[in-house]
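Okay, so here's the structure we're looking at.
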Amino acid sequence: MPRAATLISPRTIELQDRPQATAGEGEVVIGVEHAGVCGTDLALFSGDYPVPLPLVCGHEFVGTVTATGDNVDPAWKGQRVTAEINNTCTAYGSPTPCRACQRNMPSHCQRRTVTGIISRDGAFADEVVVPAGTLHAIPDGVDPVAATLIEPLAAALQTFVMTPPNKNDVVVVLGPGRLGILIVFVASVVHNLEVVAVSRSRDKRDRALQFGASLACPPENARDVIHSMTDGLGADIVVDATGRPEGFAQALGLVRPQGTISAKTTCGLPAEGLDMTKLVVDELCVQGSRCGPFAPAVEILARHQDRLRSLITSLQPLANAQAAIESAFSENKVVLSMQK
């Protein structure tokens, strides 16, 4: 029987047998091959991001379509795919879409479920069911383990969709971890920007330099480093990818007047140190960003897969999901494999 690593209570995963999945109208069943563990999964696991339980987490995944429902192109069957996480009016091709989908904001669909997060079981399982409108084919020759990075790579791209950078902008990435290192990569390689990575970890600082950062420093040196680069003005864009509630306050101390703080932390806890006076006086923009464009992420992954594959630090069997997720609190990138 198909298995699922089910979060039944905070910090407790139970490996369960499940009935064979079936595809409803507009849906497909995907036989999951690999699924990455991200910071949101850890917040769900710890209980910091409370959602109704039980829940099968996991939304960074690759697999093969094994069944298609009504009104789905049967040519999808047998294709290796990944899928966007928002299950929306648009993804289902609803004839009566909600107002958000009508306004071309499907990731904020008023009726959406979110695979592995909100009201829809995810990919820490042998099978997952998603609407066909979320699918993206994995090109031939792309390593299926590396392809688990497509979803977070799309989220990294969305940082600069929501905050389009200028040519000579200085970008600071606080927390070059699982997501932050991809933001460093996108800022430097895709947008050719000058990037400063800030981390307490020497290993993460060194890795950020390998992935395109111009400079990397610990938090206690960040203000001096950035002010010396910008004649005391501050960074144009500061990305908070720390995964910690105090990251926002750190960003406030590094951004220039009329600059942008790009918020990428989804730890489920409220921000600490929000100085509204500084926000107003310095005329700062605070821009959240979440899910991003998959099509360019697939293309970028295909071009740079060997380099990006090196970010994955371990491949763990689904049967060891509890220990694997616990290890992800200290490892850079853990991927669950349903084939081991």
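Note on naming: chains are A, B, ... as they come in the structure tokens, residues start from 1 per chain, ligands start from 1 in the order shown.
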Item to check | Test item: residues at most 8 Å from Ala83 in chain A, only C-alpha atoms, excluding those fewer than 5 positions along its chain, as a ChimeraX atom specification | outcome: /A:61-62,130,134-136
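Look at Thr260 in chain A: the protein and nucleic acid residues within 9 Å of it, using only C-alpha atoms and passing over chain neighbours fewer than 2 places away, are Thr163, Ala235, Asp236, Ile237, Val238, Val239, Val255, Arg256, Pro257, Gln258, Ser262, Leu284, Cys285, Val286 and Gln287 of chain A.
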Can you list every residue of range 45-69 of chain A that has an atom at most 12 Å from range 139-149 of chain A, with its nearest atom pair and the distance in Å to one decimal, using only C-alpha atoms, ordered by chain then number, as JSON lines?
```
{"residue": "A:Gly58", "atom": "CA", "partner": "A:Thr148", "partner_atom": "CA", "distance": 10.6}
{"residue": "A:His59", "atom": "CA", "partner": "A:Thr148", "partner_atom": "CA", "distance": 9.1}
{"residue": "A:Glu60", "atom": "CA", "partner": "A:Thr148", "partner_atom": "CA", "distance": 5.4}
{"residue": "A:Phe61", "atom": "CA", "partner": "A:Thr148", "partner_atom": "CA", "distance": 4.9}
{"residue": "A:Val62", "atom": "CA", "partner": "A:Thr148", "partner_atom": "CA", "distance": 5.8}
{"residue": "A:Gly63", "atom": "CA", "partner": "A:Pro144", "partner_atom": "CA", "distance": 8.0}
{"residue": "A:Thr64", "atom": "CA", "partner": "A:Pro144", "partner_atom": "CA", "distance": 10.3}
```
Write out as a short mmCIF file (atom, residue, chain, number, x, y, z; two decimals) with N, CA and C atoms, in the first residue's frame all residues of range 161-279 of chain A that DSSP puts in strand (DSSP E) for this structure's backbone.
```cif
data_model
loop_
_atom_site.label_atom_id
_atom_site.label_comp_id
_atom_site.auth_asym_id
_atom_site.auth_seq_id
_atom_site.Cartn_x
_atom_site.Cartn_y
_atom_site.Cartn_z
N VAL A 170 22.82 47.27 -4.48
CA VAL A 170 23.49 46.38 -3.53
C VAL A 170 22.41 45.62 -2.77
N VAL A 171 22.51 44.29 -2.81
CA VAL A 171 21.53 43.42 -2.19
C VAL A 171 22.18 42.70 -1.02
N VAL A 172 21.52 42.71 0.12
CA VAL A 172 21.97 41.96 1.29
C VAL A 172 21.01 40.79 1.51
N VAL A 173 21.56 39.61 1.68
CA VAL A 173 20.75 38.43 2.00
C VAL A 173 21.10 37.99 3.41
N LEU A 174 20.14 38.17 4.31
CA LEU A 174 20.30 37.72 5.69
C LEU A 174 19.85 36.27 5.78
N GLU A 194 25.38 43.06 -7.07
CA GLU A 194 26.37 42.91 -6.01
C GLU A 194 25.64 42.44 -4.76
N VAL A 195 26.08 41.31 -4.21
CA VAL A 195 25.36 40.65 -3.12
C VAL A 195 26.28 40.49 -1.91
N VAL A 196 25.74 40.85 -0.75
CA VAL A 196 26.41 40.60 0.52
C VAL A 196 25.58 39.57 1.29
N ALA A 197 26.20 38.47 1.67
CA ALA A 197 25.53 37.44 2.46
C ALA A 197 25.93 37.59 3.92
N VAL A 198 24.94 37.50 4.81
CA VAL A 198 25.18 37.68 6.24
C VAL A 198 24.74 36.43 6.98
N LEU A 215 30.60 39.54 -1.13
CA LEU A 215 31.15 39.57 0.22
C LEU A 215 30.25 38.73 1.12
N ALA A 216 30.82 38.24 2.21
CA ALA A 216 30.04 37.52 3.22
C ALA A 216 30.62 37.86 4.58
N CYS A 217 29.74 38.11 5.55
CA CYS A 217 30.22 38.54 6.86
C CYS A 217 29.26 38.06 7.94
N ALA A 235 22.05 49.40 2.20
CA ALA A 235 21.76 48.56 1.03
C ALA A 235 20.44 48.95 0.38
N ASP A 236 20.37 48.76 -0.93
CA ASP A 236 19.14 49.07 -1.67
C ASP A 236 18.03 48.08 -1.34
N ILE A 237 18.38 46.80 -1.26
CA ILE A 237 17.42 45.73 -0.95
C ILE A 237 18.04 44.85 0.12
N VAL A 238 17.31 44.61 1.19
CA VAL A 238 17.74 43.66 2.21
C VAL A 238 16.70 42.55 2.27
N VAL A 239 17.13 41.33 2.04
CA VAL A 239 16.25 40.17 2.03
C VAL A 239 16.38 39.44 3.37
N ASP A 240 15.28 39.34 4.08
CA ASP A 240 15.27 38.57 5.34
C ASP A 240 14.87 37.14 5.04
N VAL A 255 19.17 48.62 5.70
CA VAL A 255 18.58 49.12 4.46
C VAL A 255 18.70 50.64 4.40
N ARG A 256 18.85 51.16 3.20
CA ARG A 256 18.95 52.61 3.01
C ARG A 256 17.57 53.26 3.08
N PRO A 257 17.51 54.59 3.30
CA PRO A 257 16.23 55.29 3.18
C PRO A 257 15.63 55.06 1.78
N GLN A 258 14.32 54.86 1.74
CA GLN A 258 13.57 54.56 0.51
C GLN A 258 14.02 53.24 -0.12
N GLY A 259 14.69 52.41 0.69
CA GLY A 259 15.04 51.08 0.22
C GLY A 259 13.93 50.09 0.51
N THR A 260 14.21 48.82 0.22
CA THR A 260 13.20 47.77 0.36
C THR A 260 13.71 46.64 1.25
N ILE A 261 12.87 46.25 2.19
CA ILE A 261 13.09 45.00 2.93
C ILE A 261 12.20 43.95 2.30
N SER A 262 12.82 42.91 1.78
CA SER A 262 12.08 41.81 1.17
C SER A 262 11.96 40.69 2.19
N ALA A 263 10.74 40.41 2.61
CA ALA A 263 10.49 39.45 3.68
C ALA A 263 10.24 38.06 3.09
#
```
Next on the checklist: Can you tell me which residues surround Asp206 in chain A at a distance of at most 12 Å, considering only C-alpha atoms, apart from same-chain residues fewer than 3 positions away, and format the answer as a PyMOL selection string?
Outcome noted: chain A and resi 176-177+181+196-203+209-218
Store the residues picked out above, limited to N, CA and C atoms, as a compact mmCIF listing (two decimals), in the first residue's frame.
```txt
# COMPACT_ATOMS: atom_id res chain seq x y z
N PRO A 176 21.79 32.99 4.42
CA PRO A 176 21.96 32.23 3.18
C PRO A 176 21.85 30.72 3.41
N GLY A 177 20.67 30.30 3.91
CA GLY A 177 20.42 28.89 4.19
C GLY A 177 19.73 28.22 3.02
N ILE A 181 20.33 30.84 0.10
CA ILE A 181 21.43 30.60 -0.84
C ILE A 181 20.93 30.67 -2.28
N VAL A 196 25.74 40.85 -0.75
CA VAL A 196 26.41 40.60 0.52
C VAL A 196 25.58 39.57 1.29
N ALA A 197 26.20 38.47 1.67
CA ALA A 197 25.53 37.44 2.46
C ALA A 197 25.93 37.59 3.92
N VAL A 198 24.94 37.50 4.81
CA VAL A 198 25.18 37.68 6.24
C VAL A 198 24.74 36.43 6.98
N SER A 199 25.69 35.82 7.70
CA SER A 199 25.38 34.59 8.45
C SER A 199 26.37 34.43 9.59
N ARG A 200 25.90 33.83 10.68
CA ARG A 200 26.80 33.48 11.77
C ARG A 200 27.68 32.28 11.41
N SER A 201 27.23 31.50 10.44
CA SER A 201 27.94 30.27 10.06
C SER A 201 29.04 30.55 9.05
N ARG A 202 30.27 30.19 9.39
CA ARG A 202 31.37 30.35 8.43
C ARG A 202 31.12 29.49 7.19
N ASP A 203 30.60 28.28 7.37
CA ASP A 203 30.34 27.41 6.22
C ASP A 203 29.33 28.05 5.27
N LEU A 209 29.75 32.74 -0.99
CA LEU A 209 30.77 33.26 -1.91
C LEU A 209 30.88 32.36 -3.14
N GLN A 210 30.75 31.06 -2.95
CA GLN A 210 30.81 30.13 -4.08
C GLN A 210 29.60 30.28 -5.00
N PHE A 211 28.47 30.74 -4.44
CA PHE A 211 27.25 30.86 -5.23
C PHE A 211 26.98 32.30 -5.68
N GLY A 212 28.02 33.15 -5.64
CA GLY A 212 27.90 34.44 -6.30
C GLY A 212 27.96 35.66 -5.43
N ALA A 213 27.98 35.51 -4.10
CA ALA A 213 28.07 36.69 -3.25
C ALA A 213 29.42 37.37 -3.45
N SER A 214 29.39 38.71 -3.45
CA SER A 214 30.64 39.46 -3.54
C SER A 214 31.38 39.47 -2.21
N LEU A 215 30.60 39.54 -1.13
CA LEU A 215 31.15 39.57 0.22
C LEU A 215 30.25 38.73 1.12
N ALA A 216 30.82 38.24 2.21
CA ALA A 216 30.04 37.52 3.22
C ALA A 216 30.62 37.86 4.58
N CYS A 217 29.74 38.11 5.55
CA CYS A 217 30.22 38.54 6.86
C CYS A 217 29.26 38.06 7.94
N PRO A 218 29.73 38.02 9.19
CA PRO A 218 28.82 37.71 10.30
C PRO A 218 27.95 38.91 10.63
```
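Between CA of Gly31 in chain A and CA of Glu127 in chain A the interatomic distance comes to 4.7 Å.
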Checklist outcome for this item: Thr266 in chain A proximity check over A:Pro165, A:Pro50, A:Gly175, A:Gly39, using only C-alpha atoms: winner is A:Gly39
Item to check | Every residue of range 10-160 of chain A that DSSP places in helix (DSSP H, G or I), as a ChimeraX atom specification | outcome: /A:39-46,74-76,89-92,99-102,106-108,132-134,146-160
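Nearest-residue note for Ser330 in chain A: choosing from A:Val37, A:Ala208, A:Ala137, A:Leu15, the minimum distance belongs to A:Val37, counting only C-alpha atoms.
If only C-alpha atoms are the atoms counted, then among A:Ala187, A:Val29, A:Ile118, A:Ala43 the closest residue to Val72 in chain A is A:Val29.
Take the candidates A:Asn320, A:Ser46, A:Ser314, A:Ser119 and check each one against Ser9 in chain A using only C-alpha atoms; the shortest distance goes to A:Ser46.
What separates CA of Ile138 in chain A from CA of Val65 in chain A is a distance of 11.5 Å.
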Next on the checklist: List as a PyMOL selection string the protein and nucleic acid residues near Ile8 in chain A, meaning an atom at most 12 Å away when only C-alpha atoms are counted, but skip any in the same chain fewer than 3 places from it.
Outcome noted: chain A and resi 4-5+11-16+44-47+51-57+322
Write the selection just made, keeping C-alpha atoms, as a short mmCIF file (atom, residue, chain, number, x, y, z; two decimals), in the first residue's frame?
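Saved file result.cif follows:
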```cif
data_model
loop_
_atom_site.label_atom_id
_atom_site.label_comp_id
_atom_site.auth_asym_id
_atom_site.auth_seq_id
_atom_site.Cartn_x
_atom_site.Cartn_y
_atom_site.Cartn_z
CA ALA A 4 2.57 8.68 3.88
CA ALA A 5 4.71 10.36 6.56
CA ARG A 11 7.21 16.95 16.24
CA THR A 12 5.52 13.56 15.74
CA ILE A 13 5.54 11.86 12.34
CA GLU A 14 3.72 8.56 11.84
CA LEU A 15 4.37 6.43 8.77
CA GLN A 16 0.91 5.36 7.64
CA LEU A 44 4.83 23.07 10.54
CA PHE A 45 6.68 20.18 12.18
CA SER A 46 7.65 22.22 15.25
CA GLY A 47 4.16 23.68 15.66
CA VAL A 51 -2.34 24.25 10.91
CA PRO A 52 -5.02 21.60 11.35
CA LEU A 53 -3.49 18.17 11.88
CA PRO A 54 -3.04 15.46 10.77
CA LEU A 55 -1.26 16.66 7.64
CA VAL A 56 1.21 15.22 5.16
CA CYS A 57 3.77 17.97 4.61
CA GLN A 322 10.91 11.58 11.50
#
```
Next on the checklist: I'd like the contact shell of range 86-97 of chain A - 10 Å cut-off, only C-alpha atoms, skipping same-chain residues fewer than 4 positions apart - returned as JSON, numbers by chain.
Outcome noted: {"A": [25, 26, 27, 59, 71, 72, 101, 102, 103, 104, 105, 106, 107, 108, 109, 110, 111, 112, 113, 114, 115, 116, 117, 118, 120, 130, 131, 132, 133, 134, 135, 291]}
Checklist entry - From the list A:Asp73, A:Ala328, A:Thr159, A:Asp48, which residue is nearest Pro245 in chain A when using only C-alpha atoms? => result A:Asp48
Checklist entry - Neighbours of Arg18 in chain A within 8 Å (only C-alpha atoms; same-chain residues fewer than 4 positions away dropped), as JSON, numbers by chain? => result {"A": [1, 2, 3, 4]}
Next on the checklist: For Asn192 in chain A, find every residue with an atom within 10 Å (counting only C-alpha atoms), except residues of its own chain fewer than 4 positions away, and show them as JSON, numbers by chain.
Outcome noted: {"A": [167, 168, 169, 185, 186, 187, 188, 212]}
Could you dump the residues just selected with N, CA and C atoms as a CSV table (one decimal), in the first residue's frame?
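Okay, selection.csv is ready:
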```
chain,number,residue,atom,x,y,z
A,167,LYS,N,20.1,48.3,-11.9
A,167,LYS,CA,21.4,47.7,-12.3
A,167,LYS,C,22.5,47.7,-11.3
A,168,ASN,N,22.6,48.8,-10.5
A,168,ASN,CA,23.7,48.9,-9.6
A,168,ASN,C,23.3,48.7,-8.1
A,169,ASP,N,22.2,48.1,-7.9
A,169,ASP,CA,21.7,47.9,-6.5
A,169,ASP,C,22.7,46.9,-5.7
A,185,PHE,N,22.1,33.2,-5.3
A,185,PHE,CA,22.4,32.7,-6.6
A,185,PHE,C,21.6,33.5,-7.7
A,186,VAL,N,20.3,33.7,-7.4
A,186,VAL,CA,19.4,34.4,-8.4
A,186,VAL,C,19.9,35.9,-8.5
A,187,ALA,N,20.2,36.5,-7.4
A,187,ALA,CA,20.6,37.9,-7.4
A,187,ALA,C,21.9,38.1,-8.2
A,188,SER,N,22.8,37.2,-8.0
A,188,SER,CA,24.1,37.4,-8.6
A,188,SER,C,24.2,36.8,-10.0
A,212,GLY,N,28.0,33.1,-5.6
A,212,GLY,CA,27.9,34.4,-6.3
A,212,GLY,C,28.0,35.7,-5.4
```
